[in-house]
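S.K.: To start, I am sharing the structure in question, which I have written as structure tokens.
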Amino acid sequence: MNPKDIQIQFDHRQAAHCENGVTANLLRFHNIQLSEAMVFGIGSGLFFAYMPFLKLNHLPVISFRPWPGMIFNRTNRRLGIRIQRCKFKDPGEAMEALDKNLEKGIPTGCLVGIYHLTYFPKAYRFHFNGHNIVVMGRENGEYLISDPIMEGVEKLSYHDLMRVRFAKGTYPPKGRMYCITGIPSSYDLKKAIVLGIRQTCQDMLRIPVPLFGVGGIRYLGRRMRKWPRTLGPKKACLYLGQTVRMLEEIGTGGAGFRFIYAAFLREAAKELSQPWLNDLSKEMTEDGDRWREFAVIAGRIFKDRAGVDESYGVAADILVDIAGREEHIFGKLSQITLD
Amino acid sequence: MKKHEVPQDNEGLREGKALDLYYAVDENGNYVTVPSCGWAPKNAALLQAWEVIHEKVEEARQQVLQGRISPIAYYMEKNIMDVKLLASYIGLPRWKVRRHLKPSGFAKLDEKVLRRYADIFRIPVDALRNFREKPGKE
């Protein structure tokens, strides 16, 4: 049973972050040209959460992104684009539904786990279930995969694709897939930008739990200062390593998405004709550079493991400084209006 | 971050695949994307995470050889799993999986369940029955 080949004219482009890339690539297929940064901004992809009581592999959850699927959902909702999303119980059924979509010529996004993703470099394969790819056809019984992290088009066998779509663990993808079903005759990009910015301000400033947004960064800083004492040197090191991995994980575009967001603000300034956003873009870039300083110091701590006590304090100070900067940036940004 | 500041610290972690796009500022203050082959602090964080895993895997290997845990327990560590994750892959309750991690429970496993475990770990069934893993990172 070798199913027939399916070729969809799909323009695969690499992106910094998987979900931005998938969303931008799918929109381009439907003749809506938006940059990755634009998609990230409209979809309110910037976030921060520190949840020390939730553990992943015995390490606390530190996240610089919202739930997988949010960017795609919000971007399309704000542009008035109709989408279809579904999840499955039965793997066979999930693959059948995907095949049906492909036969209709619809490139389809899938949420997958990266642990069994065969084309990924070994060192990066952890049990992480928030990766997005587009299945864009079939060739010689293998599926053609547009993975925004990769330079070229990759391939997966039927079984390998089924395996990653039904990865288990934290937030299992359950075969989740999504596609665009309807494009409006016109859309209001300006309004979408403003809505996206407002939501990010909301997420960063006004969630009334101090684990999220600016409050979360400050909280992490306060806790970090005490790590060598409360956790012991070895565990403190691991916690710090986890922070850096989440911050600079593949697909953040550098500094936990801060640089992508700065790029978005620059584009938004032009699109909305509001030059004051350029200044905030610059501030955001400086803020991103501070995050990178933090990563350098953290890197030094877990490489040398010597004279670390005061270094944790220095790293924590940077985080507190960052929290202040971002509070200022988003405070100003939250005043945005359409004109 | 300026365009020329985009780090290029290749430590062979990505098998020659360019995976990172950075957003950096060019001479005119515009944002451009620049590919990167790695960054030292990031590589160090990744290597640190693997070091912990390798330690656990080696410890598990020793324990299998001493007959204290079953090969399934070793491959669970090797696949960076815990009982919860393994149980959800195999579709059995955790207490049953825990039993299979002990040599006594492992000995009672029938062919069918053994094959399911092998399939999850992507190894031949024989590798479970005749444990012959060597030390090392691969």
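Residue numbering restarts at 1 for every chain of the structure tokens, chains are lettered A, B, ... in their displayed order, and ligands are numbered from 1 as they appear.
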Please determine the contact residues of chain B with respect to chain A at a cut-off of 6 Å, counting only C-alpha atoms, and supply them as a PDB file with N, CA and C atoms, in the first residue's frame.

M.R.:
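Result saved to part12.pdb:
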```pdb
ATOM      1  N   LEU B  13      26.951  20.447  18.513  1.00  0.00           N
ATOM      2  CA  LEU B  13      25.751  19.911  19.136  1.00  0.00           C
ATOM      3  C   LEU B  13      24.615  19.719  18.143  1.00  0.00           C
ATOM      4  N   ARG B  14      24.747  20.375  16.972  1.00  0.00           N
ATOM      5  CA  ARG B  14      23.578  20.326  16.095  1.00  0.00           C
ATOM      6  C   ARG B  14      23.831  19.617  14.786  1.00  0.00           C
ATOM      7  N   GLU B  15      24.859  18.800  14.755  1.00  0.00           N
ATOM      8  CA  GLU B  15      25.088  17.924  13.618  1.00  0.00           C
ATOM      9  C   GLU B  15      25.075  18.677  12.294  1.00  0.00           C
ATOM     10  N   LEU B  19      20.215  25.860  13.007  1.00  0.00           N
ATOM     11  CA  LEU B  19      18.876  25.842  13.555  1.00  0.00           C
ATOM     12  C   LEU B  19      18.411  27.182  14.077  1.00  0.00           C
ATOM     13  N   LEU B  21      17.833  31.182  14.229  1.00  0.00           N
ATOM     14  CA  LEU B  21      17.804  32.485  13.578  1.00  0.00           C
ATOM     15  C   LEU B  21      17.758  33.513  14.694  1.00  0.00           C
ATOM     16  N   TYR B  22      18.660  34.447  14.644  1.00  0.00           N
ATOM     17  CA  TYR B  22      18.637  35.523  15.629  1.00  0.00           C
ATOM     18  C   TYR B  22      18.066  36.777  14.979  1.00  0.00           C
ATOM     19  N   TYR B  23      17.425  37.582  15.797  1.00  0.00           N
ATOM     20  CA  TYR B  23      17.009  38.899  15.326  1.00  0.00           C
ATOM     21  C   TYR B  23      18.033  39.894  15.857  1.00  0.00           C
ATOM     22  N   TYR B  31      15.944  45.719  11.962  1.00  0.00           N
ATOM     23  CA  TYR B  31      16.103  44.346  12.409  1.00  0.00           C
ATOM     24  C   TYR B  31      16.250  43.403  11.225  1.00  0.00           C
ATOM     25  N   PRO B  41      27.038  30.034  26.376  1.00  0.00           N
ATOM     26  CA  PRO B  41      26.236  29.779  27.588  1.00  0.00           C
ATOM     27  C   PRO B  41      25.113  28.779  27.348  1.00  0.00           C
ATOM     28  N   ALA B  45      24.585  25.096  28.975  1.00  0.00           N
ATOM     29  CA  ALA B  45      23.346  24.704  29.657  1.00  0.00           C
ATOM     30  C   ALA B  45      22.848  23.365  29.125  1.00  0.00           C
ATOM     31  N   LEU B  85       5.742   8.903  32.660  1.00  0.00           N
ATOM     32  CA  LEU B  85       5.800   9.034  31.199  1.00  0.00           C
ATOM     33  C   LEU B  85       5.799   7.666  30.530  1.00  0.00           C
TER      34      LEU B  85
END
```

S.K.: Check segment 39-98 of chain B with DSSP on the backbone and list each residue it calls alpha helix (DSSP H), as a PyMOL selection string.

M.R.: chain B and resi 40-65+71-78+83-90+94-98

S.K.: Residues near segment 311-327 of chain A, anyone? I mean within 6 Å using only C-alpha atoms, not counting same-chain ones fewer than 4 positions away, as a list in words.

M.R.: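 Counting only the stated atoms, we get Val214, Ile217, Arg218, Gly221, Met224, Arg225, Phe294 and Gly331 of chain A.
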
S.K.: List the neighbours of Ala236 of chain A out to 6 Å using only C-alpha atoms; skip same-chain residues closer than 5 positions along the sequence, and give me the result as a PDB file with N, CA and C atoms, in the first residue's frame.

M.R.:
```pdb
ATOM      1  N   TRP A 227      19.086  30.661  45.937  1.00  0.00           N
ATOM      2  CA  TRP A 227      19.253  29.286  45.461  1.00  0.00           C
ATOM      3  C   TRP A 227      20.457  28.546  46.054  1.00  0.00           C
ATOM      4  N   PRO A 228      21.657  29.165  46.074  1.00  0.00           N
ATOM      5  CA  PRO A 228      22.796  28.408  46.603  1.00  0.00           C
ATOM      6  C   PRO A 228      22.550  27.948  48.035  1.00  0.00           C
ATOM      7  N   LEU A 231      19.021  25.408  47.926  1.00  0.00           N
ATOM      8  CA  LEU A 231      19.060  24.194  47.108  1.00  0.00           C
ATOM      9  C   LEU A 231      20.378  23.453  47.210  1.00  0.00           C
TER      10      LEU A 231
END
```

S.K.: For a quick check of understanding, using only C-alpha atoms, which of A:Val153, A:Ile180, A:Met284, A:Ile329 has the smallest distance to Asn101 of chain A?

M.R.: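 Of A:Val153, A:Ile180, A:Met284, A:Ile329, the one nearest Asn101 of chain A is A:Ile180, counting only C-alpha atoms.
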
S.K.: List as a list in words the protein and nucleic acid residues near segment 61-64 of chain B, meaning an atom at most 10 Å away when only C-alpha atoms are counted, but skip any in the same chain fewer than 4 places from it.

M.R.: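 Residues near the query, excluding close chain neighbours: Glu55, Lys56, Val57, Arg68, Ile69, Ser70, Pro71, Ile72, Ala73, Tyr74, Tyr75, Glu77, Lys78, Leu101, Lys102, Pro103, Phe131, Arg132, Glu133, Lys134 and Pro135 of chain B.
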
S.K.: Check the smallest atom-to-atom distance from each of A:Ser185, A:Gln33, A:Asn20, A:Gln7 to His131 of chain A using only C-alpha atoms, then report the winner.

M.R.: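 The answer is A:Asn20, which sits nearest to His131 of chain A.
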
S.K.: Could you go through segment 8-226 of chain A and tell me which residues DSSP, when run on the backbone, assigns to strand (DSSP E), listing them as JSON, numbers by chain?

M.R.: {"A": [49, 50, 51, 52, 53, 54, 55, 56, 59, 60, 61, 62, 63, 82, 83, 84, 85, 86, 108, 109, 110, 111, 112, 131, 132, 133, 134, 135, 136, 137, 138, 139, 142, 143, 144, 145, 146, 154, 155, 156, 177, 178, 179, 180, 181, 182]}

S.K.: Please produce an output containing N, CA and C atoms for each residue in the selection, written as a short mmCIF file (atom, residue, chain, number, x, y, z; two decimals), in the first residue's frame.

M.R.:
```
data_model
loop_
_atom_site.label_atom_id
_atom_site.label_comp_id
_atom_site.auth_asym_id
_atom_site.auth_seq_id
_atom_site.Cartn_x
_atom_site.Cartn_y
_atom_site.Cartn_z
N ALA A 49 6.54 33.21 32.64
CA ALA A 49 5.94 32.52 33.78
C ALA A 49 7.01 31.76 34.54
N TYR A 50 6.98 31.87 35.85
CA TYR A 50 7.88 31.08 36.69
C TYR A 50 7.03 30.34 37.70
N MET A 51 6.98 29.01 37.57
CA MET A 51 6.12 28.23 38.46
C MET A 51 6.94 27.18 39.18
N PRO A 52 7.55 27.59 40.31
CA PRO A 52 8.50 26.69 41.00
C PRO A 52 7.85 25.42 41.54
N PHE A 53 6.52 25.44 41.72
CA PHE A 53 5.86 24.26 42.28
C PHE A 53 5.52 23.24 41.19
N LEU A 54 5.62 23.65 39.92
CA LEU A 54 5.42 22.71 38.82
C LEU A 54 6.80 22.26 38.35
N LYS A 55 7.01 20.95 38.26
CA LYS A 55 8.34 20.47 37.90
C LYS A 55 8.31 19.72 36.57
N LEU A 56 9.33 19.96 35.77
CA LEU A 56 9.55 19.20 34.55
C LEU A 56 10.92 18.55 34.69
N LEU A 59 12.87 19.85 37.50
CA LEU A 59 13.28 21.26 37.48
C LEU A 59 12.04 22.14 37.35
N PRO A 60 12.10 23.34 37.92
CA PRO A 60 10.89 24.19 37.91
C PRO A 60 10.55 24.66 36.50
N VAL A 61 9.29 24.91 36.29
CA VAL A 61 8.84 25.38 34.98
C VAL A 61 9.09 26.87 34.85
N ILE A 62 9.87 27.22 33.85
CA ILE A 62 10.10 28.62 33.53
C ILE A 62 9.76 28.76 32.05
N SER A 63 8.82 29.62 31.73
CA SER A 63 8.40 29.66 30.33
C SER A 63 8.41 31.08 29.79
N ARG A 82 -10.76 32.44 9.27
CA ARG A 82 -11.40 31.25 9.85
C ARG A 82 -10.43 30.08 9.87
N ILE A 83 -10.39 29.39 10.98
CA ILE A 83 -9.49 28.25 11.08
C ILE A 83 -10.25 27.03 11.58
N GLN A 84 -9.63 25.87 11.37
CA GLN A 84 -10.22 24.66 11.91
C GLN A 84 -9.15 23.97 12.74
N ARG A 85 -9.54 23.55 13.94
CA ARG A 85 -8.59 22.82 14.77
C ARG A 85 -9.26 21.56 15.26
N CYS A 86 -8.53 20.48 15.35
CA CYS A 86 -9.12 19.30 15.96
C CYS A 86 -8.08 18.46 16.66
N THR A 108 -1.33 21.42 6.31
CA THR A 108 -1.94 21.30 7.62
C THR A 108 -0.89 21.38 8.73
N GLY A 109 -1.15 22.21 9.70
CA GLY A 109 -0.25 22.34 10.84
C GLY A 109 -0.50 21.23 11.84
N CYS A 110 0.58 20.75 12.45
CA CYS A 110 0.44 19.71 13.47
C CYS A 110 1.26 20.10 14.68
N LEU A 111 0.70 19.79 15.86
CA LEU A 111 1.46 19.94 17.10
C LEU A 111 2.15 18.60 17.37
N VAL A 112 3.45 18.65 17.61
CA VAL A 112 4.18 17.39 17.80
C VAL A 112 5.14 17.47 18.98
N HIS A 131 5.96 21.61 19.87
CA HIS A 131 6.57 21.99 18.60
C HIS A 131 5.52 21.96 17.49
N ASN A 132 5.68 22.89 16.54
CA ASN A 132 4.72 22.98 15.44
C ASN A 132 5.39 22.75 14.09
N ILE A 133 4.72 21.98 13.25
CA ILE A 133 5.23 21.75 11.89
C ILE A 133 4.05 21.85 10.92
N VAL A 134 4.35 21.99 9.64
CA VAL A 134 3.31 21.91 8.63
C VAL A 134 3.58 20.67 7.77
N VAL A 135 2.56 19.84 7.61
CA VAL A 135 2.69 18.72 6.67
C VAL A 135 2.23 19.25 5.32
N MET A 136 3.12 19.16 4.33
CA MET A 136 2.85 19.85 3.06
C MET A 136 2.82 18.90 1.87
N GLY A 137 2.71 17.60 2.12
CA GLY A 137 2.59 16.69 1.00
C GLY A 137 3.10 15.30 1.34
N ARG A 138 3.10 14.46 0.32
CA ARG A 138 3.53 13.08 0.51
C ARG A 138 4.36 12.68 -0.70
N GLU A 139 5.42 11.91 -0.46
CA GLU A 139 6.28 11.51 -1.56
C GLU A 139 6.84 10.14 -1.23
N GLU A 142 6.31 8.80 2.13
CA GLU A 142 6.76 9.60 3.26
C GLU A 142 6.10 10.98 3.23
N TYR A 143 5.98 11.56 4.41
CA TYR A 143 5.35 12.87 4.48
C TYR A 143 6.40 13.97 4.35
N LEU A 144 6.04 15.02 3.62
CA LEU A 144 6.94 16.17 3.47
C LEU A 144 6.62 17.16 4.58
N ILE A 145 7.64 17.55 5.32
CA ILE A 145 7.43 18.36 6.52
C ILE A 145 8.12 19.71 6.36
N SER A 146 7.34 20.75 6.54
CA SER A 146 7.92 22.09 6.61
C SER A 146 8.06 22.43 8.08
N GLU A 154 11.85 18.63 5.30
CA GLU A 154 12.26 17.36 5.88
C GLU A 154 11.22 16.29 5.56
N LYS A 155 11.55 15.05 5.88
CA LYS A 155 10.61 13.96 5.63
C LYS A 155 10.41 13.12 6.87
N LEU A 156 9.19 12.57 7.01
CA LEU A 156 8.90 11.65 8.11
C LEU A 156 8.08 10.49 7.56
N MET A 177 -4.28 19.01 15.08
CA MET A 177 -3.91 19.61 13.80
C MET A 177 -4.81 20.80 13.50
N TYR A 178 -4.31 21.66 12.64
CA TYR A 178 -5.06 22.88 12.37
C TYR A 178 -4.79 23.38 10.97
N CYS A 179 -5.77 24.06 10.40
CA CYS A 179 -5.55 24.64 9.07
C CYS A 179 -6.45 25.86 8.90
N ILE A 180 -6.15 26.63 7.88
CA ILE A 180 -6.93 27.82 7.59
C ILE A 180 -8.05 27.43 6.64
N THR A 181 -9.28 27.84 6.96
CA THR A 181 -10.39 27.42 6.11
C THR A 181 -11.04 28.57 5.36
N GLY A 182 -10.87 29.79 5.84
CA GLY A 182 -11.53 30.89 5.13
C GLY A 182 -10.81 32.20 5.34
#
```

S.K.: Find the residues around segment 112-114 of chain B up to 12 Å (only C-alpha atoms counted), leave out those fewer than 4 positions away in its own chain, and share them as a ChimeraX atom specification.

M.R.: /B:70-72,90-92,96-97,100,105-108,118-129

S.K.: Determine, counting only C-alpha atoms, which protein, DNA and RNA residues have an atom within 10 Å of an atom of segment 196-206 of chain A; residues of the same chain fewer than 5 positions away are not included. Present the result as a PyMOL selection string.

M.R.: chain A and resi 38-49+66+71+74-75+78+190-191+212-217+264-265+268+323+326-337

S.K.: Let's have the selection written as a short mmCIF file (atom, residue, chain, number, x, y, z; two decimals), in the first residue's frame, with N, CA and C atoms.

M.R.:
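New file out00.cif:
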```cif
data_model
loop_
_atom_site.label_atom_id
_atom_site.label_comp_id
_atom_site.auth_asym_id
_atom_site.auth_seq_id
_atom_site.Cartn_x
_atom_site.Cartn_y
_atom_site.Cartn_z
N MET A 38 5.77 40.11 12.84
CA MET A 38 4.40 40.63 12.84
C MET A 38 3.44 39.60 13.42
N VAL A 39 3.59 38.37 13.00
CA VAL A 39 2.74 37.29 13.51
C VAL A 39 2.94 37.15 15.02
N PHE A 40 4.19 37.22 15.45
CA PHE A 40 4.50 37.07 16.87
C PHE A 40 3.84 38.18 17.69
N GLY A 41 3.88 39.41 17.17
CA GLY A 41 3.30 40.54 17.87
C GLY A 41 1.78 40.49 17.92
N ILE A 42 1.17 40.20 16.76
CA ILE A 42 -0.29 40.14 16.70
C ILE A 42 -0.80 38.98 17.55
N GLY A 43 -0.05 37.88 17.53
CA GLY A 43 -0.47 36.71 18.30
C GLY A 43 -0.08 36.78 19.77
N SER A 44 0.50 37.92 20.20
CA SER A 44 0.92 38.11 21.59
C SER A 44 1.76 36.94 22.11
N GLY A 45 2.87 36.69 21.41
CA GLY A 45 3.70 35.53 21.76
C GLY A 45 4.62 35.76 22.94
N LEU A 46 4.80 37.02 23.34
CA LEU A 46 5.72 37.30 24.45
C LEU A 46 5.04 37.02 25.79
N PHE A 47 5.78 36.37 26.67
CA PHE A 47 5.17 35.97 27.93
C PHE A 47 6.26 35.66 28.92
N PHE A 48 5.91 35.60 30.18
CA PHE A 48 6.85 35.05 31.15
C PHE A 48 6.09 34.37 32.27
N ALA A 49 6.54 33.21 32.64
CA ALA A 49 5.94 32.52 33.78
C ALA A 49 7.01 31.76 34.54
N PRO A 66 3.48 31.55 25.72
CA PRO A 66 2.17 31.05 26.17
C PRO A 66 1.97 29.61 25.69
N ILE A 71 -0.53 31.49 19.55
CA ILE A 71 -0.12 32.48 18.56
C ILE A 71 -0.94 32.30 17.28
N ARG A 74 -4.69 33.37 18.01
CA ARG A 74 -4.93 34.80 18.20
C ARG A 74 -4.68 35.57 16.91
N THR A 75 -3.59 35.23 16.22
CA THR A 75 -3.30 35.95 14.98
C THR A 75 -4.48 35.84 14.03
N ARG A 78 -7.62 37.72 15.24
CA ARG A 78 -7.53 39.18 15.13
C ARG A 78 -7.56 39.66 13.69
N LYS A 190 -4.05 47.09 11.21
CA LYS A 190 -3.75 48.05 12.29
C LYS A 190 -4.44 47.65 13.58
N LYS A 191 -5.72 47.31 13.44
CA LYS A 191 -6.48 46.95 14.63
C LYS A 191 -5.90 45.69 15.27
N PHE A 212 3.58 35.54 36.96
CA PHE A 212 3.54 35.79 35.53
C PHE A 212 4.00 37.20 35.20
N GLY A 213 4.47 37.35 33.97
CA GLY A 213 4.85 38.67 33.50
C GLY A 213 5.98 39.27 34.30
N VAL A 214 5.96 40.61 34.39
CA VAL A 214 7.02 41.35 35.08
C VAL A 214 7.17 40.87 36.52
N GLY A 215 6.05 40.64 37.20
CA GLY A 215 6.07 40.16 38.58
C GLY A 215 6.78 38.83 38.68
N GLY A 216 6.59 37.99 37.69
CA GLY A 216 7.23 36.68 37.68
C GLY A 216 8.74 36.79 37.56
N ILE A 217 9.19 37.73 36.72
CA ILE A 217 10.63 37.91 36.54
C ILE A 217 11.26 38.36 37.87
N PHE A 264 9.21 43.47 15.92
CA PHE A 264 7.78 43.69 15.70
C PHE A 264 7.40 45.14 15.97
N LEU A 265 7.92 45.70 17.06
CA LEU A 265 7.57 47.09 17.41
C LEU A 265 8.02 48.05 16.29
N ALA A 268 5.58 47.71 13.58
CA ALA A 268 4.31 48.30 14.00
C ALA A 268 4.37 49.82 13.89
N ALA A 323 13.13 43.34 35.06
CA ALA A 323 11.72 43.48 35.42
C ALA A 323 11.32 44.96 35.40
N GLU A 326 11.10 46.21 31.77
CA GLU A 326 9.93 45.74 31.03
C GLU A 326 8.66 46.35 31.58
N GLU A 327 8.64 46.62 32.88
CA GLU A 327 7.48 47.28 33.46
C GLU A 327 7.31 48.65 32.81
N HIS A 328 8.41 49.33 32.63
CA HIS A 328 8.39 50.64 32.00
C HIS A 328 7.94 50.55 30.54
N ILE A 329 8.53 49.60 29.79
CA ILE A 329 8.20 49.47 28.36
C ILE A 329 6.73 49.14 28.17
N PHE A 330 6.26 48.13 28.90
CA PHE A 330 4.87 47.73 28.68
C PHE A 330 3.89 48.74 29.27
N GLY A 331 4.33 49.44 30.29
CA GLY A 331 3.49 50.51 30.82
C GLY A 331 3.23 51.56 29.75
N LYS A 332 4.26 51.93 29.04
CA LYS A 332 4.09 52.91 27.96
C LYS A 332 3.29 52.32 26.82
N LEU A 333 3.62 51.07 26.49
CA LEU A 333 2.94 50.42 25.36
C LEU A 333 1.44 50.28 25.59
N SER A 334 1.06 50.15 26.87
CA SER A 334 -0.36 49.90 27.13
C SER A 334 -1.21 51.12 26.82
N GLN A 335 -0.56 52.26 26.57
CA GLN A 335 -1.33 53.45 26.21
C GLN A 335 -1.63 53.52 24.73
N ILE A 336 -1.29 52.49 24.00
CA ILE A 336 -1.43 52.54 22.54
C ILE A 336 -2.90 52.63 22.13
N THR A 337 -3.14 53.48 21.11
CA THR A 337 -4.46 53.55 20.51
C THR A 337 -4.28 53.49 18.99
#
```

S.K.: So how many Å separate atom CA of Ile80 of chain B and atom CA of Val22 of chain A, to one decimal?

M.R.: 27.8 Å
